[in-house]
Structures are given as C-alpha cells and as structure tokens.
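Novice: Structure in structure tokens, see below.
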Amino acid sequence: MTSSLPTHRRAIRRTDDFTPGTPKTKTITEPLPLPLPPTSVLLKIHALAINYRDANIANGGNPWPVTPHGILGNDAAGEVLAVGDKVRSLAVGDRAAPITDTENISNREPSRSWLAADEDGVMADYIVFDERALCKLPRYLSWVEACMVPCAGVTAWSALKGMSIGQTVLVQGTGGVSVFALKLARAAGLRIILTSSSDAKLEQMKEKFGSPPILTVNYAKTPNWDEEVMKLTNGEGVDIVVENGGTNSLVKSLKCTRRGGIVSQVGYLAKQDPNELRELVPTIIDRRVILRGINAGSKFDTDDFFAALEAAQTPLNDLIDKVFPFEQAEEAVEYVWQGKQIGKIVLEV
C-alpha cells in the first residue's frame, strides 16, 4: 500500500432518530480501517443504489436488530484500489461489489451478517471488505448500472429460479427488485402479471415493456386481487410469485399460485400484522405451494448472475428512476421511503 491511497472516507451513517421530520442520516468523515488485513480489499465506490430496506432501517422499521448508527446501504459498485498481500481473486483496477449477506457464500452457511444491519453497509466513498465477500462486476455496465445489481438484481434472479419458458409470474409493485424481475422474466420468455396500487405506474410499466403486453391488476381498486389473478390464468394460478408485501399480501399470493407452484418472499413492504396469516398453514397445505425466503443470494448466486449478464450484455439503464449526487443521500432515502420511485434510485459518488 502506498502513501497516495486515502486514509479517510465520507460515510452516510444513520442518526437513529425516528422522530417524524428529523434527519435520518448524517454524513461524517472517518478514518479508513487501515492497514489492510492480508485478505482484505480497498474499493473506491463510484455509485450506490438505494433499496427500500435502507429507508426502512433508517426509519426504524427493520424487523431484525441493527447495529447502532451503522452505515446504510448494501448495493454498490467500486474499483479496487489496493489489496492485502494474500488476496488472490482480485487485483488493482478490477470492478467489484460486496454481497448483501457477507457470510452467505454457498447458501449453506449457518450464520449471517447483513450489510447495513449486522455490520456497516456500503454508503461511503471508500469501503474495505474481505475478498471472500466480493464479486467481480460485469465489465460492460456503467457504474450507475452496475451498482443496482448486487442486491436488487441478485434478489430477482434468486426469486425466479426454477422458472421455464412459457410459465406465468406474478410480480408485486414497481420498486427495484420488481423491475429487475420484470426485465428478467421478459428475457426468459415468461408471461407476466404485475400488481400495483397506482394505475399510472401500471401504465408506465406496460409502455416500458411493450409487446407482448404485461397483464396488470390494481390491488387498491380490487381488494380481492388474488381472484382477479386466478381469472387471468383461467383458474389455474401463476407458477411463481415475486412476493414483497409480507403479511398483508402473502396469503392472497398463495391463493393465486397454482398447486405445486412457488412463492418467493423477497420483502415486507406493507405494514406487518400477524393476524393476517390465520389462513397461512391451511392454504399452503391445500395448494401444495413452496414458500421460500429470498435474502438476495449467495456469493455463488451473485457470480452466476454476473456471468449471465456479461454473456447477454443486457442493458440496465432503463431500470433507473433517478440519480442523486452522493451529497443528497438524505433526500434520496426519503424519496424511496415515500414510494415515489419506479425502478432504482442511485447515488453517484
């Protein structure tokens, strides 16, 4: 490591003040964790993507404990500036990003460590991670495109595993994971049904994804939206659901999934109420549905998805809603918290 390398960083940490109207983040300058341990890597971050999870944690809504005043963020794209003397998988100049759960290498690990919750996240201009938690990014993507892939992209990839051409997928909402799932589903030749509470957003998605047209359901106007989905599938149900509402929508998602189908639980965007799960067990048994939890994905999943993107050279710029400068992180987090986005919100560093 040379003396020309940075010794400090700007980082976006939570204030942990959940009073309405108060700032939820603060930008601080702090020393980098140097010198690098033998297997660690120093990344210069070029772009960061904000997920609903970040806004939820910043506003005190995470259902799991989080470390106090932690750095937000788990979606980043960076350039390798320096490596420890025992690093073998990365070199200076490589493009890389950490996985969301830094303990999840093969999907078989018994422990977990989620970025921005169990440990500091990535919302900084420089970060340090062990090489085992880092993956090489696709080379063809811009920094702004690449930063969306590690969490939202890999989550959508994991959620759609097991699908076949011609099957039907139900995607909920128009946030980051949802638009990634829509793009992947279209590329895989799947029939798509999209739900949202906004007719305007549904129309925008229909226009964006063109022909063949995606089918849409406004769940705010159609409280029994699961019944409408059944009608759209001639009473059979969808093959898979990318489910991100949680208790508010899970049972209905199960009810409109075909017998033997899959519900991939990727999030918990709605207010959570266990009383809404009274029919959970009988519905799972009756419909023989596989309910699987998706925590982004393992390092193996991430490497597989990055390789697929590199092979297909799939552009991702159409998934971006808005790009904020790093200095406007507070406004960007609030934008996501208010649910204003259609697609991904990015911070450019």
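Simple scheme: letters A, B, ... for chains in structure tokens order, numbers from 1 for residues in each chain, numbers from 1 for ligands in the order shown.
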Run DSSP on the backbone and grab whatever in segment 94-294 of chain A lands in strand (DSSP E); send it over as JSON, numbers by chain.
Specialist: {"A": [95, 96, 97, 98, 126, 127, 128, 129, 130, 134, 135, 136, 168, 169, 170, 171, 172, 191, 192, 193, 194, 195, 196, 215, 216, 217, 218, 238, 239, 240, 241, 242, 243, 257, 258, 259, 260, 261, 262, 263, 264, 265, 290, 291, 292, 293]}
Novice: Got a sec: who's within 9 Å of Trp337 of chain A, counting only C-alpha atoms, leaving out chain neighbours fewer than 5 positions off, as number ranges by chain?
Specialist: A: 52, 54-56, 59, 332
Novice: I'd like the interatomic distance between atom CA of Ser4 of chain A and atom CA of Leu43 of chain A, to a tenth of an Å.
Specialist: 14.3 Å
Novice: Would you mind listing what lies within 6 Å of Val80 of chain A as a short mmCIF file (atom, residue, chain, number, x, y, z; two decimals) with all heavy atoms, in the first residue's frame, with only C-alpha atoms counted and same-chain residues fewer than 3 positions away left out?
Specialist:
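For reference, part_28.cif as written:
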data_model
loop_
_atom_site.label_atom_id
_atom_site.label_comp_id
_atom_site.auth_asym_id
_atom_site.auth_seq_id
_atom_site.Cartn_x
_atom_site.Cartn_y
_atom_site.Cartn_z
N LEU A 42 -9.49 -2.79 -0.65
CA LEU A 42 -9.98 -1.41 -0.56
C LEU A 42 -10.63 -1.04 -1.89
O LEU A 42 -10.01 -1.14 -2.94
CB LEU A 42 -8.82 -0.46 -0.28
CG LEU A 42 -9.13 1.04 -0.36
CD1 LEU A 42 -10.14 1.45 0.72
CD2 LEU A 42 -7.85 1.87 -0.22
N LEU A 43 -11.92 -0.64 -1.82
CA LEU A 43 -12.66 -0.24 -3.00
C LEU A 43 -12.95 1.25 -2.98
O LEU A 43 -13.35 1.80 -1.95
CB LEU A 43 -14.01 -0.97 -3.08
CG LEU A 43 -14.05 -2.47 -3.34
CD1 LEU A 43 -15.49 -2.94 -3.37
CD2 LEU A 43 -13.34 -2.83 -4.63
N VAL A 92 -5.73 -4.84 -8.38
CA VAL A 92 -5.94 -3.40 -8.52
C VAL A 92 -6.49 -3.09 -9.91
O VAL A 92 -6.00 -3.60 -10.92
CB VAL A 92 -4.62 -2.63 -8.28
CG1 VAL A 92 -4.79 -1.15 -8.60
CG2 VAL A 92 -4.17 -2.82 -6.83
N GLY A 93 -7.56 -2.29 -9.95
CA GLY A 93 -8.20 -1.95 -11.21
C GLY A 93 -9.45 -2.75 -11.51
O GLY A 93 -10.24 -2.35 -12.38
N ASP A 94 -9.63 -3.89 -10.82
CA ASP A 94 -10.84 -4.68 -11.04
C ASP A 94 -12.08 -3.91 -10.56
O ASP A 94 -11.99 -3.04 -9.69
CB ASP A 94 -10.77 -6.01 -10.28
CG ASP A 94 -9.89 -7.04 -10.97
OD1 ASP A 94 -9.59 -6.86 -12.16
OD2 ASP A 94 -9.51 -8.03 -10.31
#
Novice: So, with only C-alpha atoms as the atoms that count, which of A:Pro6, A:Ala47, A:Ile99, A:Pro138 lies closest to Leu309 of chain A?
Specialist: A:Pro138
Novice: Nearest to Asp85 of chain A: which of A:Ser40, A:Thr7, A:Thr25, A:Thr216 is it, counting only C-alpha atoms?
Specialist: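 Closest to Asp85 of chain A, using only C-alpha atoms: A:Ser40.
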Novice: Check segment 98-339 of chain A with DSSP on the backbone and list each residue it calls helix (DSSP H, G or I), as number ranges by chain.
Specialist: A: 131-133, 143-146, 149-159, 176-187, 199-209, 225-232, 246-248, 250-255, 274-277, 280-287, 299-312, 317-319, 326-337
Novice: In Å, rounded to a single decimal, give me how far atom CA of Pro63 of chain A is from atom CA of Ile294 of chain A.
Specialist: 15.2 Å
Novice: What separation in Å, quoted to one decimal, exists between atom CA of Tyr219 of chain A and atom CA of Val281 of chain A?
Specialist: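 Between these atoms lies a distance of 23.2 Å.
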Novice: Compile a residue-level contact table for segment 140-189 of chain A against segment 198-215 of chain A at a cut-off of 10 Å, reporting for every qualifying residue the shortest atom pair and its distance in Å to one decimal, with only C-alpha atoms counted, rows ordered by chain and ascending number, as JSON lines.
Specialist:
{"residue": "A:Leu170", "atom": "CA", "partner": "A:Leu215", "partner_atom": "CA", "distance": 9.3}
{"residue": "A:Gly173", "atom": "CA", "partner": "A:Leu202", "partner_atom": "CA", "distance": 8.8}
{"residue": "A:Thr174", "atom": "CA", "partner": "A:Lys201", "partner_atom": "CA", "distance": 7.3}
{"residue": "A:Val179", "atom": "CA", "partner": "A:Met205", "partner_atom": "CA", "distance": 8.7}
{"residue": "A:Leu182", "atom": "CA", "partner": "A:Phe209", "partner_atom": "CA", "distance": 8.4}
{"residue": "A:Lys183", "atom": "CA", "partner": "A:Phe209", "partner_atom": "CA", "distance": 8.1}
{"residue": "A:Arg186", "atom": "CA", "partner": "A:Phe209", "partner_atom": "CA", "distance": 8.1}
Novice: Would you put the residues from that selection into a file with N, CA and C atoms, as an mmCIF file, in the first residue's frame?
Specialist:
data_model
loop_
_atom_site.group_PDB
_atom_site.id
_atom_site.type_symbol
_atom_site.label_atom_id
_atom_site.label_comp_id
_atom_site.auth_asym_id
_atom_site.auth_seq_id
_atom_site.Cartn_x
_atom_site.Cartn_y
_atom_site.Cartn_z
ATOM 1 N N LEU A 170 -46.148 -13.710 -11.262
ATOM 2 C CA LEU A 170 -46.813 -12.548 -10.676
ATOM 3 C C LEU A 170 -45.756 -11.720 -9.959
ATOM 4 N N GLY A 173 -45.637 -4.757 -7.380
ATOM 5 C CA GLY A 173 -45.050 -3.439 -7.237
ATOM 6 C C GLY A 173 -44.086 -3.068 -8.341
ATOM 7 N N THR A 174 -43.545 -1.839 -8.224
ATOM 8 C CA THR A 174 -42.670 -1.287 -9.257
ATOM 9 C C THR A 174 -41.357 -0.773 -8.669
ATOM 10 N N VAL A 179 -38.795 -4.341 -10.797
ATOM 11 C CA VAL A 179 -38.457 -4.014 -12.188
ATOM 12 C C VAL A 179 -37.360 -4.933 -12.708
ATOM 13 N N LEU A 182 -39.187 -8.086 -13.602
ATOM 14 C CA LEU A 182 -39.898 -7.907 -14.860
ATOM 15 C C LEU A 182 -38.956 -8.056 -16.049
ATOM 16 N N LYS A 183 -37.792 -7.440 -15.947
ATOM 17 C CA LYS A 183 -36.830 -7.489 -17.057
ATOM 18 C C LYS A 183 -36.331 -8.917 -17.276
ATOM 19 N N ARG A 186 -39.186 -11.137 -18.713
ATOM 20 C CA ARG A 186 -39.409 -10.900 -20.143
ATOM 21 C C ARG A 186 -38.310 -11.563 -20.968
#
Novice: My list of candidates is A:Cys256, A:Ile57, A:Ala307, A:Ala329. Which is closest to Arg287 of chain A when distances are computed with only C-alpha atoms?
Specialist: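 Ranked by minimum distance to Arg287 of chain A, first place goes to A:Cys256.
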Novice: Pick out the closest residue to Ser164 of chain A from this set: A:Met148, A:Leu319, A:Val241, A:Leu190. Count only C-alpha atoms.
Specialist: A:Leu190
Novice: Which residues, written as a list in words, have at least one atom at most 12 Å from Leu36 of chain A, with only C-alpha atoms counted and residues fewer than 4 positions away on the same chain left out?
Specialist: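 My list of contacting residues is Met1, Thr2, Leu5, Thr7, Leu32, Ser40, Val41, Leu42, Leu43, Leu81, Ala82, Val83, Gly84, Asp85, Lys86, Val87, Ile127, Val128, Phe129, Asp130 and Glu131 of chain A.
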Novice: Output N, CA, C and O atoms of each residue in that selection to a file, as a short mmCIF file (atom, residue, chain, number, x, y, z; two decimals), in the first residue's frame.
Specialist:
data_model
loop_
_atom_site.label_atom_id
_atom_site.label_comp_id
_atom_site.auth_asym_id
_atom_site.auth_seq_id
_atom_site.Cartn_x
_atom_site.Cartn_y
_atom_site.Cartn_z
N MET A 1 0.86 -1.20 0.00
CA MET A 1 0.00 0.00 0.00
C MET A 1 0.89 1.24 0.00
O MET A 1 1.86 1.33 0.74
N THR A 2 0.56 2.20 -0.85
CA THR A 2 1.38 3.39 -0.96
C THR A 2 0.75 4.53 -0.20
O THR A 2 -0.43 4.53 0.14
N LEU A 5 -2.66 6.47 -1.23
CA LEU A 5 -4.01 5.95 -1.00
C LEU A 5 -4.71 6.77 0.08
O LEU A 5 -4.08 7.33 0.97
N THR A 7 -6.75 7.83 3.40
CA THR A 7 -6.72 7.35 4.79
C THR A 7 -8.05 7.60 5.49
O THR A 7 -8.28 7.07 6.58
N LEU A 32 -10.28 5.36 7.56
CA LEU A 32 -10.47 4.04 6.95
C LEU A 32 -9.83 2.98 7.84
O LEU A 32 -8.83 3.25 8.53
N SER A 40 -7.96 -8.63 2.74
CA SER A 40 -8.95 -7.56 2.51
C SER A 40 -8.64 -6.73 1.27
O SER A 40 -7.51 -6.72 0.77
N VAL A 41 -9.67 -6.01 0.82
CA VAL A 41 -9.60 -5.21 -0.41
C VAL A 41 -10.17 -3.83 -0.14
O VAL A 41 -11.20 -3.68 0.52
N LEU A 42 -9.49 -2.79 -0.65
CA LEU A 42 -9.98 -1.41 -0.56
C LEU A 42 -10.63 -1.04 -1.89
O LEU A 42 -10.01 -1.14 -2.94
N LEU A 43 -11.92 -0.64 -1.82
CA LEU A 43 -12.66 -0.24 -3.00
C LEU A 43 -12.95 1.25 -2.98
O LEU A 43 -13.35 1.80 -1.95
N LEU A 81 -8.68 -0.41 -5.33
CA LEU A 81 -7.53 0.49 -5.21
C LEU A 81 -6.31 -0.20 -4.62
O LEU A 81 -5.17 0.15 -4.93
N ALA A 82 -6.55 -1.15 -3.72
CA ALA A 82 -5.44 -1.84 -3.05
C ALA A 82 -5.93 -3.18 -2.54
O ALA A 82 -7.13 -3.36 -2.26
N VAL A 83 -5.01 -4.13 -2.42
CA VAL A 83 -5.36 -5.45 -1.91
C VAL A 83 -4.33 -5.89 -0.87
O VAL A 83 -3.17 -5.47 -0.91
N GLY A 84 -4.80 -6.71 0.08
CA GLY A 84 -3.89 -7.30 1.05
C GLY A 84 -2.94 -8.29 0.38
O GLY A 84 -3.22 -8.78 -0.73
N ASP A 85 -1.85 -8.64 1.06
CA ASP A 85 -0.81 -9.45 0.40
C ASP A 85 -1.22 -10.90 0.18
O ASP A 85 -0.50 -11.65 -0.49
N LYS A 86 -2.37 -11.33 0.72
CA LYS A 86 -2.82 -12.70 0.50
C LYS A 86 -4.07 -12.77 -0.39
O LYS A 86 -4.66 -13.85 -0.57
N VAL A 87 -4.50 -11.64 -0.95
CA VAL A 87 -5.66 -11.63 -1.84
C VAL A 87 -5.27 -12.27 -3.17
O VAL A 87 -4.24 -11.93 -3.76
N ILE A 127 -14.66 1.75 0.82
CA ILE A 127 -15.04 0.67 1.74
C ILE A 127 -13.96 -0.40 1.71
O ILE A 127 -13.20 -0.52 0.74
N VAL A 128 -13.90 -1.18 2.79
CA VAL A 128 -12.95 -2.29 2.90
C VAL A 128 -13.72 -3.56 3.22
O VAL A 128 -14.53 -3.58 4.15
N PHE A 129 -13.47 -4.62 2.41
CA PHE A 129 -14.11 -5.91 2.65
C PHE A 129 -13.12 -7.04 2.42
O PHE A 129 -12.17 -6.89 1.65
N ASP A 130 -13.38 -8.16 3.08
CA ASP A 130 -12.61 -9.36 2.81
C ASP A 130 -12.93 -9.85 1.40
O ASP A 130 -14.07 -9.76 0.95
N GLU A 131 -11.94 -10.38 0.71
CA GLU A 131 -12.15 -10.79 -0.68
C GLU A 131 -13.23 -11.86 -0.83
O GLU A 131 -13.90 -11.95 -1.86
#
Novice: From the options A:Asp120, A:Glu327, A:Asp75, A:Asp301, which residue's atoms come nearest to Val149 of chain A, counting only C-alpha atoms?
Specialist: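 Among A:Asp120, A:Glu327, A:Asp75, A:Asp301, it is A:Asp75 that comes nearest to Val149 of chain A.
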Novice: From the set A:Asp303, A:Asp118, A:Asp101, A:Glu145, which residue has the shortest atom-to-atom contact distance to Asn317 of chain A, counting only C-alpha atoms?
Specialist: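 Of A:Asp303, A:Asp118, A:Asp101, A:Glu145, the one nearest Asn317 of chain A, counting only C-alpha atoms, is A:Glu145.
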